[in-house]
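Raw input22.tsv, TSV, C-alpha atoms:
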chain	number	residue	atom	x	y	z
A	1	MET	CA	-98.58	26.33	31.88
A	2	ALA	CA	-95.56	27.69	33.72
A	3	ARG	CA	-96.27	29.94	36.69
A	4	SER	CA	-95.49	33.57	35.87
A	5	ARG	CA	-92.79	35.34	37.84
A	6	ASN	CA	-95.39	37.67	39.36
A	7	ASN	CA	-97.34	34.71	40.71
A	8	ALA	CA	-94.32	32.93	42.17
A	9	PRO	CA	-94.60	32.17	45.89
A	10	PRO	CA	-92.75	34.57	48.18
A	11	PRO	CA	-89.25	33.46	49.17
A	12	PRO	CA	-88.80	31.84	52.58
A	13	GLU	CA	-87.80	34.39	55.18
A	14	ALA	CA	-87.08	34.86	58.88
A	15	ARG	CA	-87.05	37.84	61.22
A	16	LEU	CA	-83.71	38.24	62.99
A	17	LEU	CA	-83.03	39.50	66.50
A	18	ASP	CA	-82.57	43.10	65.36
A	19	GLY	CA	-85.81	43.08	63.38
A	20	THR	CA	-84.21	42.74	59.96
A	21	ILE	CA	-85.48	40.16	57.49
A	22	ALA	CA	-83.37	37.32	56.06
A	23	ARG	CA	-84.54	35.65	52.86
A	24	VAL	CA	-83.38	32.77	50.70
A	25	ILE	CA	-83.77	33.85	47.07
A	26	PRO	CA	-82.72	32.42	43.69
A	27	SER	CA	-79.48	33.95	42.44
A	28	GLN	CA	-80.16	36.11	39.40
A	29	TYR	CA	-76.67	35.85	37.95
A	30	ALA	CA	-74.95	32.63	38.96
A	31	GLY	CA	-77.56	29.96	39.55
A	32	GLY	CA	-77.98	28.54	43.02
A	33	TRP	CA	-79.28	30.58	45.93
A	34	GLU	CA	-78.47	33.69	47.92
A	35	LEU	CA	-79.02	34.50	51.56
A	36	ASP	CA	-80.15	38.13	51.62
A	37	VAL	CA	-80.44	40.20	54.81
A	38	ASN	CA	-82.32	43.49	54.37
A	39	GLY	CA	-81.12	43.83	50.80
A	40	THR	CA	-77.50	42.87	51.53
A	41	PRO	CA	-76.39	39.59	49.90
A	42	GLN	CA	-74.70	37.62	52.68
A	43	SER	CA	-73.96	34.28	51.01
A	44	HIS	CA	-74.25	32.39	47.75
A	45	VAL	CA	-74.76	28.62	47.73
A	46	ASP	CA	-74.88	26.19	44.83
A	47	LEU	CA	-76.34	22.98	46.25
A	48	ASP	CA	-75.45	21.07	43.08
A	49	ASP	CA	-71.82	22.24	43.17
A	50	PRO	CA	-70.57	23.45	46.57
A	51	THR	CA	-67.16	24.20	45.00
A	52	HIS	CA	-68.80	27.05	43.05
A	53	LEU	CA	-67.72	30.12	45.03
A	54	HIS	CA	-69.53	32.98	43.32
A	55	PHE	CA	-68.59	35.92	45.56
A	56	GLU	CA	-65.05	36.96	44.74
A	57	TYR	CA	-63.87	37.40	48.33
A	58	VAL	CA	-65.14	33.91	49.15
A	59	ALA	CA	-63.23	32.52	46.17
A	60	ARG	CA	-60.09	34.16	47.58
A	61	MET	CA	-60.72	32.47	50.90
A	62	GLY	CA	-61.10	29.21	49.03
A	63	ALA	CA	-57.76	29.78	47.29
A	64	VAL	CA	-56.03	30.07	50.68
A	65	ILE	CA	-57.86	27.04	52.09
A	66	ASP	CA	-56.73	24.99	49.10
A	67	GLN	CA	-53.11	25.60	50.15
A	68	LEU	CA	-53.58	24.13	53.63
A	69	ARG	CA	-51.92	20.77	54.23
A	70	MET	CA	-52.16	18.30	51.33
A	71	PRO	CA	-54.99	18.36	48.75
A	72	ARG	CA	-58.11	16.47	49.89
A	73	GLN	CA	-56.63	16.04	53.38
A	74	PRO	CA	-59.23	16.64	56.12
A	75	ILE	CA	-58.82	19.68	58.34
A	76	THR	CA	-60.25	20.99	61.59
A	77	ALA	CA	-61.98	24.34	61.12
A	78	VAL	CA	-63.81	26.92	63.23
A	79	HIS	CA	-66.16	29.34	61.50
A	80	LEU	CA	-67.33	32.52	63.21
A	81	GLY	CA	-70.51	33.55	61.43
A	82	ALA	CA	-72.55	31.03	59.51
A	83	GLY	CA	-74.32	32.82	56.70
A	84	ALA	CA	-75.48	30.03	54.43
A	85	LEU	CA	-72.36	27.97	55.31
A	86	THR	CA	-70.73	28.43	51.91
A	87	ILE	CA	-67.16	27.80	53.15
A	88	PRO	CA	-68.07	24.83	55.42
A	89	ARG	CA	-69.83	23.23	52.44
A	90	TYR	CA	-66.77	23.88	50.27
A	91	ILE	CA	-64.46	22.25	52.82
A	92	GLU	CA	-66.79	19.27	53.24
A	93	THR	CA	-66.70	18.71	49.47
A	94	THR	CA	-63.01	19.33	48.82
A	95	ARG	CA	-61.72	17.80	52.08
A	96	PRO	CA	-64.11	15.01	53.09
A	97	GLY	CA	-63.86	13.95	56.71
A	98	SER	CA	-63.04	17.44	57.97
A	99	ARG	CA	-64.31	18.41	61.43
A	100	GLN	CA	-65.99	21.81	61.49
A	101	GLN	CA	-67.52	23.97	64.19
A	102	VAL	CA	-69.70	26.96	63.29
A	103	ILE	CA	-70.80	29.70	65.68
A	104	GLU	CA	-73.85	31.74	64.60
A	105	LEU	CA	-75.65	34.41	66.62
A	106	GLU	CA	-79.04	34.16	64.92
A	107	PRO	CA	-81.09	31.00	65.62
A	108	ALA	CA	-83.77	32.09	63.14
A	109	LEU	CA	-81.18	32.49	60.39
A	110	TRP	CA	-79.76	29.04	61.02
A	111	ASP	CA	-83.27	27.53	60.98
A	112	LEU	CA	-83.97	29.31	57.67
A	113	VAL	CA	-80.77	27.98	56.09
A	114	ARG	CA	-81.11	24.47	57.49
A	115	GLU	CA	-84.66	24.11	56.19
A	116	ASN	CA	-84.13	25.61	52.74
A	117	LEU	CA	-80.44	24.96	51.97
A	118	PRO	CA	-79.78	21.67	53.78
A	119	LEU	CA	-76.24	20.51	54.48
A	120	PRO	CA	-74.86	17.39	52.78
A	121	ARG	CA	-75.93	14.20	54.49
A	122	GLY	CA	-73.29	12.99	56.93
A	123	ALA	CA	-71.31	16.24	56.98
A	124	SER	CA	-69.33	16.71	60.20
A	125	ILE	CA	-70.44	20.34	60.64
A	126	ARG	CA	-71.75	21.38	64.06
A	127	VAL	CA	-73.56	24.69	64.38
A	128	ARG	CA	-73.59	26.38	67.79
A	129	ILE	CA	-75.87	29.33	68.51
A	130	GLY	CA	-74.40	32.35	70.27
A	131	ASP	CA	-72.12	35.36	69.99
A	132	ALA	CA	-68.93	34.51	68.10
A	133	ARG	CA	-66.56	35.77	70.77
A	134	GLU	CA	-68.43	34.19	73.67
A	135	GLY	CA	-68.82	31.01	71.63
A	136	LEU	CA	-65.06	30.61	71.34
A	137	GLY	CA	-64.93	30.27	75.10
A	138	ARG	CA	-67.46	27.44	74.97
A	139	LEU	CA	-65.65	25.32	72.38
A	140	PRO	CA	-64.13	22.05	73.64
A	141	ALA	CA	-60.79	22.62	75.35
A	142	GLY	CA	-59.27	19.99	73.07
A	143	MET	CA	-59.69	22.35	70.11
A	144	ILE	CA	-57.22	24.87	71.52
A	145	GLY	CA	-54.11	24.68	69.36
A	146	ALA	CA	-55.78	22.17	67.02
A	147	ALA	CA	-57.55	24.17	64.28
A	148	HIS	CA	-55.96	24.29	60.85
A	149	LEU	CA	-58.35	27.11	59.99
A	150	VAL	CA	-60.33	29.79	61.84
A	151	VAL	CA	-62.61	31.96	59.69
A	152	SER	CA	-63.97	35.27	60.98
A	153	ASP	CA	-66.75	36.48	58.67
A	154	VAL	CA	-69.30	37.99	61.04
A	155	TYR	CA	-71.77	40.66	60.04
A	156	SER	CA	-74.71	42.25	61.78
A	157	GLY	CA	-76.55	43.58	58.78
A	158	ALA	CA	-73.75	44.97	56.61
A	159	GLN	CA	-71.25	45.71	59.41
A	160	THR	CA	-68.86	43.71	61.58
A	161	PRO	CA	-69.51	44.42	65.28
A	162	ALA	CA	-66.72	46.28	67.08
A	163	HIS	CA	-66.07	43.58	69.69
A	164	LEU	CA	-65.06	41.22	66.87
A	165	THR	CA	-62.34	43.54	65.54
A	166	THR	CA	-60.01	43.96	68.53
A	167	VAL	CA	-56.62	42.69	69.59
A	168	GLU	CA	-58.27	40.87	72.48
A	169	PHE	CA	-60.66	39.09	70.11
A	170	TYR	CA	-57.92	38.08	67.67
A	171	THR	CA	-55.77	36.85	70.55
A	172	GLU	CA	-58.61	34.59	71.67
A	173	ALA	CA	-59.22	33.32	68.11
A	174	ALA	CA	-55.50	32.64	67.59
A	175	ARG	CA	-55.44	30.36	70.66
A	176	PHE	CA	-57.31	27.77	68.61
A	177	LEU	CA	-54.81	27.71	65.75
A	178	ALA	CA	-52.48	24.77	65.24
A	179	PRO	CA	-48.81	25.84	64.85
A	180	ASP	CA	-49.33	26.16	61.09
A	181	GLY	CA	-53.03	27.08	61.29
A	182	VAL	CA	-54.45	30.07	59.42
A	183	LEU	CA	-56.83	32.79	60.56
A	184	LEU	CA	-58.93	34.11	57.65
A	185	ILE	CA	-60.78	37.42	58.08
A	186	ASN	CA	-63.23	39.12	55.74
A	187	ILE	CA	-62.87	42.91	56.06
A	188	ALA	CA	-65.20	45.30	54.23
A	189	ASP	CA	-64.06	48.90	53.82
A	190	GLY	CA	-64.29	51.90	51.53
A	191	ALA	CA	-62.25	54.84	50.31
A	192	GLY	CA	-59.03	55.33	52.23
A	193	LEU	CA	-59.25	51.93	53.96
A	194	ALA	CA	-58.81	53.43	57.44
A	195	PHE	CA	-60.72	50.56	59.06
A	196	ALA	CA	-58.88	47.88	57.08
A	197	ARG	CA	-55.47	49.38	57.86
A	198	ARG	CA	-56.33	49.37	61.54
A	199	GLN	CA	-57.47	45.75	61.31
A	200	VAL	CA	-54.26	44.65	59.60
A	201	ALA	CA	-52.19	46.44	62.25
A	202	THR	CA	-54.25	44.74	64.98
A	203	VAL	CA	-53.96	41.22	63.52
A	204	SER	CA	-50.24	41.75	62.95
A	205	ARG	CA	-49.84	42.41	66.67
A	206	VAL	CA	-51.15	38.87	67.35
A	207	LEU	CA	-49.81	36.79	64.44
A	208	GLU	CA	-46.43	37.27	62.80
A	209	HIS	CA	-47.22	36.34	59.20
A	210	VAL	CA	-49.95	38.35	57.46
A	211	ILE	CA	-51.06	38.65	53.84
A	212	ILE	CA	-53.89	40.58	52.16
A	213	LEU	CA	-55.88	39.38	49.15
A	214	ALA	CA	-58.08	41.88	47.34
A	215	GLU	CA	-59.18	43.28	44.02
A	216	VAL	CA	-56.62	45.86	42.91
A	217	GLN	CA	-58.85	48.96	43.04
A	218	THR	CA	-60.21	47.94	46.45
A	219	LEU	CA	-56.69	47.45	47.81
A	220	LYS	CA	-55.82	50.94	46.60
A	221	GLY	CA	-58.77	52.31	48.58
A	222	ARG	CA	-60.59	53.60	45.53
A	223	ARG	CA	-63.91	51.85	46.17
A	224	PHE	CA	-65.83	49.93	48.77
A	225	GLY	CA	-65.04	46.23	48.74
A	226	ASN	CA	-63.85	43.18	50.61
A	227	LEU	CA	-60.28	42.43	51.65
A	228	VAL	CA	-59.35	38.96	52.83
A	229	VAL	CA	-56.62	38.89	55.47
A	230	ALA	CA	-54.81	35.60	56.17
A	231	ALA	CA	-52.60	35.40	59.26
A	232	SER	CA	-50.59	32.67	60.95
A	233	HIS	CA	-47.80	31.94	63.41
A	234	ALA	CA	-46.05	30.18	60.51
A	235	ALA	CA	-45.06	31.37	57.05
A	236	LEU	CA	-48.08	31.33	54.77
A	237	PRO	CA	-48.19	29.15	51.63
A	238	THR	CA	-48.30	31.92	49.03
A	239	ALA	CA	-46.35	30.43	46.10
A	240	TRP	CA	-49.39	29.93	43.85
A	241	LEU	CA	-51.63	32.68	45.18
A	242	PRO	CA	-50.43	35.63	43.02
A	243	ARG	CA	-51.10	33.65	39.83
A	244	LEU	CA	-54.54	32.61	41.09
A	245	MET	CA	-55.46	36.16	42.06
A	246	ALA	CA	-54.34	37.63	38.74
A	247	ALA	CA	-56.48	35.14	36.82
A	248	GLY	CA	-59.65	37.12	37.49
A	249	PRO	CA	-62.47	37.55	36.82
A	250	HIS	CA	-61.28	40.94	38.11
A	251	PRO	CA	-57.57	41.51	38.58
A	252	ALA	CA	-56.57	40.97	42.20
A	253	LYS	CA	-53.32	40.70	44.05
A	254	VAL	CA	-51.63	39.34	47.15
A	255	ALA	CA	-49.89	41.86	49.39
A	256	GLU	CA	-47.26	40.41	51.70
A	257	GLY	CA	-44.10	41.29	53.57
A	258	ARG	CA	-43.05	44.92	53.35
A	259	GLU	CA	-46.19	45.85	51.42
A	260	VAL	CA	-48.34	44.73	54.36
A	261	GLU	CA	-46.13	46.67	56.76
A	262	GLU	CA	-46.57	49.82	54.66
A	263	PHE	CA	-50.32	49.22	54.39
A	264	ALA	CA	-50.69	49.21	58.19
A	265	ARG	CA	-48.01	51.80	59.02
A	266	GLY	CA	-49.29	54.39	61.48
A	267	ALA	CA	-52.61	52.64	62.09
A	268	ARG	CA	-53.71	52.38	65.71
A	269	ILE	CA	-54.27	48.95	67.25
A	270	ALA	CA	-57.98	48.32	67.90
A	271	ALA	CA	-58.70	47.41	71.51
A	272	ASP	CA	-61.87	46.63	73.41
A	273	GLY	CA	-62.02	50.16	74.78
A	274	ASP	CA	-61.93	52.04	71.48
A	275	ALA	CA	-62.92	49.72	68.63
A	276	THR	CA	-65.63	50.61	66.11
A	277	ASP	CA	-67.97	48.67	63.85
A	278	SER	CA	-66.82	48.29	60.27
A	279	PRO	CA	-67.99	51.08	57.91
A	280	LYS	CA	-71.53	50.86	56.63
A	281	PRO	CA	-71.65	50.53	52.83
A	282	SER	CA	-73.69	52.89	50.70
A	283	SER	CA	-77.37	51.95	50.51
A	284	THR	CA	-77.00	51.72	46.71
A	285	LEU	CA	-74.01	49.35	46.73
A	286	PHE	CA	-76.10	46.20	46.42
A	287	GLU	CA	-78.82	47.52	44.13
A	288	ARG	CA	-79.67	45.19	41.25

Would you encode the structure as structure tokens?
Amino acid sequence: MARSRNNAPPPPEARLLDGTIARVIPSQYAGGWELDVNGTPQSHVDLDDPTHLHFEYVARMGAVIDQLRMPRQPITAVHLGAGALTIPRYIETTRPGSRQQVIELEPALWDLVRENLPLPRGASIRVRIGDAREGLGRLPAGMIGAAHLVVSDVYSGAQTPAHLTTVEFYTEAARFLAPDGVLLINIADGAGLAFARRQVATVSRVLEHVIILAEVQTLKGRRFGNLVVAASHAALPTAWLPRLMAAGPHPAKVAEGREVEEFARGARIAADGDATDSPKPSSTLFER
């Protein structure tokens, strides 16, 4: 007889440095697994199909990554924030032979993920424990100017810490980019998008070419959501992105050029002395 849902064993969990609880739970809607931290879904992983990017903002990151270099060509990537390593798994599958470095603050979280959502055998993915900004300074010197991709997707609970939102931080991250490398940032914000506008202005101070990918209503500042910012020293490969974004499941768009300039107009650059954490979402946002 099948075990009833009420008698199912509790999900594996770990207590993080701030006292919050991380759990690996079955996804109710998409198959696979979710990494949940105090009720906030942090990552979705499909071990049978790592190309399945369930969260929409992650799928937008994947769409940008697909434009880098030639299809299936290996890349060098740095990931700030591990979560359940959804994007590193995606790159390992779609671009075998890629070299990837991951910096994660929480050793207990990494142990939880490693034990319950193991990485593919032979994957060249190294996880380093420590603060994302400090960890950049400990990466091998040979990686400076060599990364085709740097991903900043760092959350403490449901917020990005202030020290990972500043012009000084983005300047340090950009040092690792190859001449045509791309910095990808996940920014969560709500009505009015004051935090996101400030972030776009700050990144634009460091890197010349900037685009924004987001669901239409989120980009208009009408509801809390995720915006993906891609930035580079070189022109970004955007030819196919508008068509991909419009395909759904929810209409999204790519803002570039003058639209990005207007989005950030008047926003103050975030610096180490005056930066703030990203806004905290409503406690009901992730209710199921």

How close does each residue of segment 64-96 of chain A get to segment 38-51 of chain A, giving the shortest atom pair and distance in Å to one decimal for every residue with an atom at most 10 Å away, counting only C-alpha atoms, sorted by chain and residue number, as a tab-separated table?
residue	atom	partner	partner_atom	distance
A:Ala82	CA	A:Ser43	CA	9.2
A:Gly83	CA	A:Ser43	CA	5.9
A:Ala84	CA	A:Ser43	CA	5.7
A:Leu85	CA	A:Ser43	CA	7.8
A:Thr86	CA	A:Val45	CA	5.8
A:Ile87	CA	A:Pro50	CA	8.6
A:Pro88	CA	A:Pro50	CA	9.3
A:Arg89	CA	A:Pro50	CA	5.9
A:Tyr90	CA	A:Thr51	CA	5.3
A:Ile91	CA	A:Thr51	CA	8.5
A:Glu92	CA	A:Pro50	CA	8.7
A:Thr93	CA	A:Pro50	CA	6.8
A:Thr94	CA	A:Thr51	CA	7.5

All residues 12 Å or closer to Met245 of chain A, only C-alpha atoms, same chain fewer than 3 positions away omitted, as an MDAnalysis selection string: chainID A and resid 56:57 59:64 212:216 228 238:242 248:255

Separation of atom CA of Trp110 of chain A from atom CA of Ile129 of chain A in Å: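 Distance between the two atoms: 8.4 Å.
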
Polymer residues at most 12 Å from Pro279 of chain A, only C-alpha atoms, same-chain spacing of 3 or more positions, as a ChimeraX atom specification: /A:155-162,187-196,224-226,275-276,282-283

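The residue that comes closest to Leu227 of chain A, out of A:Asp153, A:Glu208, A:Glu168, A:Glu13 and on the basis of all atoms listed in the file, is A:Asp153.
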